[in-house]
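Asks: Below are the structure tokens for one structure; questions will follow.
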Amino acid sequence: MCTPCCISQLACCCGSAACSCCCNCCPKIKQSTGTRIMYAFYFLLVTIICVIMMSPTVEQELRDNIPFYSELCEKMNAGENCKTLVGYSAVYKVCFGMSCFFFLFSLFTIKVSNSTSWRAAIHNGFWLLKFIALVACCAGGFFIPEQEIFLKVWRYVGAVGGFFFLLIQLMLLVEFAHRWNTNWSSGVKYNRLWYAALALVTLLLFSAAVGAVIFMGLFYTDPEACLLNKIFLGINGSLCLVVSLLAISPCIQKLQPTSGLLQPGVISVYVMYLTFSAFSSKPKETVERNGQNTTVCVFPFNSGNESDKKIVTAFGTVILFGCVLYSCLTSTTRRSSAALRVCRNNDYDDEKTGSGQNVMYDEREGTIYSYTYFHFVFFLGSLYVMMTVTNWFHYDNHKIEKLLDGSWSVFWIKMASCWVCLILYMWTLVAPMICPKRFEA
């Protein structure tokens, strides 16, 4: 049992065979799913390395626990205490290598239509060789000449790529809201309980959105300060109300009978979350009261305990990068790719049974997803991770422990994301009226 498993794993690492678990009690896995999981694992691995590079806590632990740490750094020509291997410049170089890896694969897999071609075989297999190539790309970033010019140019490339990745996330959210409403609305025809579930979820969503507005109005505004908070809370709340009324207006209902309050409920909750996140990311403001400087417009339950801050930062970091991985993988599924017009339909399954986990080769007749688009999304995700870990344009002396601390660049990015999300959703409502022929089918 062990020998066949080792042979299959060797074929996966050094050949075109699909990767699977050695345990045959594991559920069946599709080749397309296994491939995306492996690329996501590579992505996550490099992301963890970037987080470590930005953490002085980890650096201090390595210095205290590794014998002859300073001597090892000098022998590796990494500078005093390995300064060239930590900080924002190191993250830029590593993410440059990861983004190059995915961008080259995006070009390499252009017009791959099925898994039987040699390019598809490389995409779906040879994992050890691809891992070595990824490591080489990441290491190569440290040997780029003219480091200052490279870092400056790459920073702006990362900002543009990170913005487009955020745009894809917002498009997926809008598509998810429409799909959810369509699925549940179609269920009403067969069982009236679906209508009750639809109404209940819609009520909960709008209750959460209204509650968020009240919460931020109480704790993130102040009579003497936080003018931007007051303005943007009013604008975002009003825009959520506008799109909700637009979704149930007669002119929209005529062209989109399934349009209801569920979609604007999802959008409103997300916009309120982004608004809250933007307010939390803004630098703290202080006002003088009773002869003392008092911090205002901050989270009411925030404590000064350093351990609490580390826990909150760790939890927020996990959520953040979980969302990044979800966006990278979800945006390339069949249904989501169809919404973005990069899908190929294929229902062919061919099951392979061996000593380990069963693998279904589901791309013999045609690919389930666009390989090029898949790698391009991970390319953009690499840039987004780079900018997020280094706090966008406030990278100097930034630490991963301060990932959730305030900065104006993060505030404006999140606030702009609110408006883009609302504009995208509003466009999906009015587009059939503006371009009726395109949506007749």
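The way I read the labels, and the way they are meant: chains A, B, ... in the order of the structure tokens, residue 1 as the first residue of every chain, and ligand 1 as the first ligand shown, with later ones counted on from there.
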If you count only C-alpha atoms, which residues fall within 12 Å of region 130-143 of chain A, apart from same-chain ones fewer than 2 positions away, as a PyMOL selection string?

Replies: chain A and resi 12-16+38-39+41-43+45-47+49-50+77-78+84-86+89-105+122-128+145-147+150-151+154+382

Asks: Please indicate the distance in Å from CA of Gln60 (chain A) to CA of Glu74 (chain A), rounded to one decimal place.

Replies: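 CA of Glu74 (chain A) lies at a distance of 16.8 Å from CA of Gln60 (chain A).
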
Asks: Which residue gives the smallest distance to Ser280 (chain A) among A:Ser55, A:Asn236, A:Ser417, A:Thr221, with only C-alpha atoms counted?

Replies: A:Thr221

Asks: From the set A:Val377, A:Ala225, A:Leu166, A:Val242, which residue has the shortest atom-to-atom contact distance to Ile413 (chain A), counting only C-alpha atoms?

Replies: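 Among A:Val377, A:Ala225, A:Leu166, A:Val242, it is A:Leu166 that comes nearest to Ile413 (chain A).
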
Asks: Which residues are close to Thr258 (chain A), i.e. within 12 Å by only C-alpha atoms, leaving aside same-chain residues fewer than 6 positions away? Reply as a ChimeraX atom specification.

Replies: /A:177-188,198,247-248,252,429

Asks: Quick one: pick out all helix (DSSP H, G or I) residues within region 79-262 of chain A from a backbone DSSP run and write them as a PyMOL selection string.

Replies: chain A and resi 80-85+88-108+118-124+127-143+147-187+193-219+227-247+250-255+262

Asks: Would you output that residue set with C-alpha atoms, as a compact mmCIF listing (two decimals), in the first residue's frame?

Replies:
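What landed in selection_8.txt:
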```
# COMPACT_ATOMS: atom_id res chain seq x y z
CA GLU A 80 23.70 42.70 10.20
CA ASN A 81 21.07 40.46 11.85
CA CYS A 82 19.76 39.56 8.35
CA LYS A 83 18.39 43.06 7.74
CA THR A 84 18.09 42.46 4.00
CA LEU A 85 15.79 39.49 4.65
CA TYR A 88 9.05 45.94 3.52
CA SER A 89 11.81 45.73 0.88
CA ALA A 90 12.18 41.98 1.45
CA VAL A 91 8.41 41.51 1.13
CA TYR A 92 8.46 43.48 -2.15
CA LYS A 93 11.18 41.20 -3.53
CA VAL A 94 9.51 37.95 -2.47
CA CYS A 95 6.12 39.05 -3.81
CA PHE A 96 7.84 40.16 -7.02
CA GLY A 97 9.04 36.59 -7.43
CA MET A 98 5.61 35.10 -6.67
CA SER A 99 3.82 37.49 -9.00
CA CYS A 100 6.33 36.73 -11.78
CA PHE A 101 5.69 33.01 -11.24
CA PHE A 102 1.93 33.36 -11.67
CA PHE A 103 2.18 35.92 -14.47
CA LEU A 104 4.48 33.68 -16.52
CA PHE A 105 2.08 30.77 -16.02
CA SER A 106 -0.75 33.05 -17.10
CA LEU A 107 1.06 33.67 -20.38
CA PHE A 108 2.14 30.04 -20.67
CA TRP A 118 1.56 19.27 -22.78
CA ARG A 119 1.02 22.75 -21.38
CA ALA A 120 -1.99 21.56 -19.39
CA ALA A 121 0.11 18.66 -18.10
CA ILE A 122 2.64 21.15 -16.72
CA HIS A 123 -0.17 23.24 -15.23
CA ASN A 124 -1.72 20.21 -13.47
CA TRP A 127 4.62 20.19 -8.49
CA LEU A 128 8.13 19.71 -7.13
CA LEU A 129 9.67 21.34 -10.17
CA LYS A 130 7.20 24.21 -9.99
CA PHE A 131 7.97 24.66 -6.30
CA ILE A 132 11.67 24.90 -7.13
CA ALA A 133 10.82 27.45 -9.83
CA LEU A 134 8.74 29.48 -7.34
CA VAL A 135 11.60 29.48 -4.81
CA ALA A 136 14.02 30.55 -7.54
CA CYS A 137 11.73 33.42 -8.58
CA CYS A 138 11.37 34.63 -4.98
CA ALA A 139 15.10 34.37 -4.34
CA GLY A 140 15.89 36.13 -7.63
CA GLY A 141 14.19 39.29 -6.39
CA PHE A 142 17.07 39.83 -3.94
CA PHE A 143 19.60 40.03 -6.79
CA GLN A 147 17.16 48.31 -5.69
CA GLU A 148 15.86 51.80 -4.91
CA ILE A 149 14.46 52.34 -8.41
CA PHE A 150 12.98 48.84 -8.45
CA LEU A 151 11.21 49.30 -5.11
CA LYS A 152 9.76 52.65 -6.14
CA VAL A 153 8.44 51.38 -9.50
CA TRP A 154 7.22 48.08 -8.09
CA ARG A 155 5.30 49.90 -5.35
CA TYR A 156 3.11 51.62 -7.94
CA VAL A 157 2.71 48.42 -9.96
CA GLY A 158 1.55 46.73 -6.75
CA ALA A 159 -0.93 49.52 -6.03
CA VAL A 160 -2.52 49.20 -9.48
CA GLY A 161 -2.63 45.40 -9.29
CA GLY A 162 -4.04 45.48 -5.77
CA PHE A 163 -6.79 47.84 -6.91
CA PHE A 164 -7.82 45.49 -9.74
CA PHE A 165 -7.85 42.56 -7.33
CA LEU A 166 -10.19 44.52 -5.06
CA LEU A 167 -12.37 45.19 -8.10
CA ILE A 168 -12.61 41.45 -8.82
CA GLN A 169 -13.59 40.84 -5.18
CA LEU A 170 -16.40 43.38 -5.46
CA MET A 171 -17.62 41.91 -8.76
CA LEU A 172 -17.78 38.49 -7.13
CA LEU A 173 -19.78 39.89 -4.23
CA VAL A 174 -22.36 41.44 -6.57
CA GLU A 175 -22.55 38.23 -8.60
CA PHE A 176 -22.97 36.20 -5.40
CA ALA A 177 -25.84 38.43 -4.22
CA HIS A 178 -27.70 38.02 -7.52
CA ARG A 179 -27.12 34.26 -7.61
CA TRP A 180 -28.34 33.83 -4.02
CA ASN A 181 -31.53 35.77 -4.70
CA THR A 182 -32.20 33.92 -7.97
CA ASN A 183 -31.77 30.48 -6.38
CA TRP A 184 -34.01 31.20 -3.42
CA SER A 185 -36.62 33.03 -5.50
CA SER A 186 -36.89 30.05 -7.85
CA GLY A 187 -37.46 27.80 -4.82
CA LEU A 193 -41.03 28.01 3.02
CA TRP A 194 -38.39 29.45 0.71
CA TYR A 195 -40.33 32.71 0.75
CA ALA A 196 -40.25 32.75 4.54
CA ALA A 197 -36.52 32.02 4.53
CA LEU A 198 -35.97 34.78 1.95
CA ALA A 199 -37.92 37.29 4.03
CA LEU A 200 -36.16 36.28 7.26
CA VAL A 201 -32.65 36.57 5.80
CA THR A 202 -33.51 39.89 4.15
CA LEU A 203 -34.81 41.22 7.47
CA LEU A 204 -31.66 40.07 9.29
CA LEU A 205 -29.39 41.67 6.68
CA PHE A 206 -31.11 45.04 6.81
CA SER A 207 -31.26 44.88 10.61
CA ALA A 208 -27.50 44.33 10.66
CA ALA A 209 -26.94 47.22 8.23
CA VAL A 210 -29.15 49.63 10.20
CA GLY A 211 -27.56 48.47 13.46
CA ALA A 212 -24.12 49.15 11.99
CA VAL A 213 -25.17 52.69 11.03
CA ILE A 214 -26.45 53.34 14.56
CA PHE A 215 -23.32 51.82 16.14
CA MET A 216 -20.97 53.93 14.02
CA GLY A 217 -23.12 57.00 14.59
CA LEU A 218 -22.76 56.55 18.34
CA PHE A 219 -19.11 55.54 18.64
CA LEU A 227 -15.99 65.31 10.32
CA LEU A 228 -15.08 62.79 7.61
CA ASN A 229 -16.78 60.01 9.56
CA LYS A 230 -20.01 61.99 9.72
CA ILE A 231 -19.94 62.84 6.02
CA PHE A 232 -19.10 59.37 4.74
CA LEU A 233 -21.45 57.57 7.11
CA GLY A 234 -24.26 59.76 5.81
CA ILE A 235 -23.25 59.26 2.17
CA ASN A 236 -22.83 55.48 2.38
CA GLY A 237 -26.04 55.02 4.37
CA SER A 238 -27.97 57.13 1.86
CA LEU A 239 -26.52 55.24 -1.11
CA CYS A 240 -27.54 51.92 0.45
CA LEU A 241 -31.08 53.26 0.82
CA VAL A 242 -31.08 54.45 -2.82
CA VAL A 243 -29.99 51.09 -4.28
CA SER A 244 -32.52 49.28 -2.06
CA LEU A 245 -35.38 51.43 -3.38
CA LEU A 246 -34.06 51.10 -6.92
CA ALA A 247 -34.00 47.29 -6.69
CA PRO A 250 -41.37 49.12 -11.00
CA CYS A 251 -39.00 49.90 -13.88
CA ILE A 252 -36.40 47.44 -12.54
CA GLN A 253 -38.98 44.81 -11.59
CA LYS A 254 -40.35 44.87 -15.14
CA LEU A 255 -37.01 43.84 -16.64
CA LEU A 262 -32.01 40.34 -0.66
```

Asks: Rounded to one decimal in Å, what is the spacing between CA of Gly87 (chain A) and CA of Val51 (chain A)?

Replies: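 That distance, rounded to one decimal, is 9.7 Å.
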
Asks: Kindly indicate which residue among A:Ala431, A:Thr372, A:Met386, A:Asn114 lies nearest to Ile48 (chain A), using only C-alpha atoms for the distances.

Replies: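 Of all the options, A:Met386 lies closest to Ile48 (chain A).
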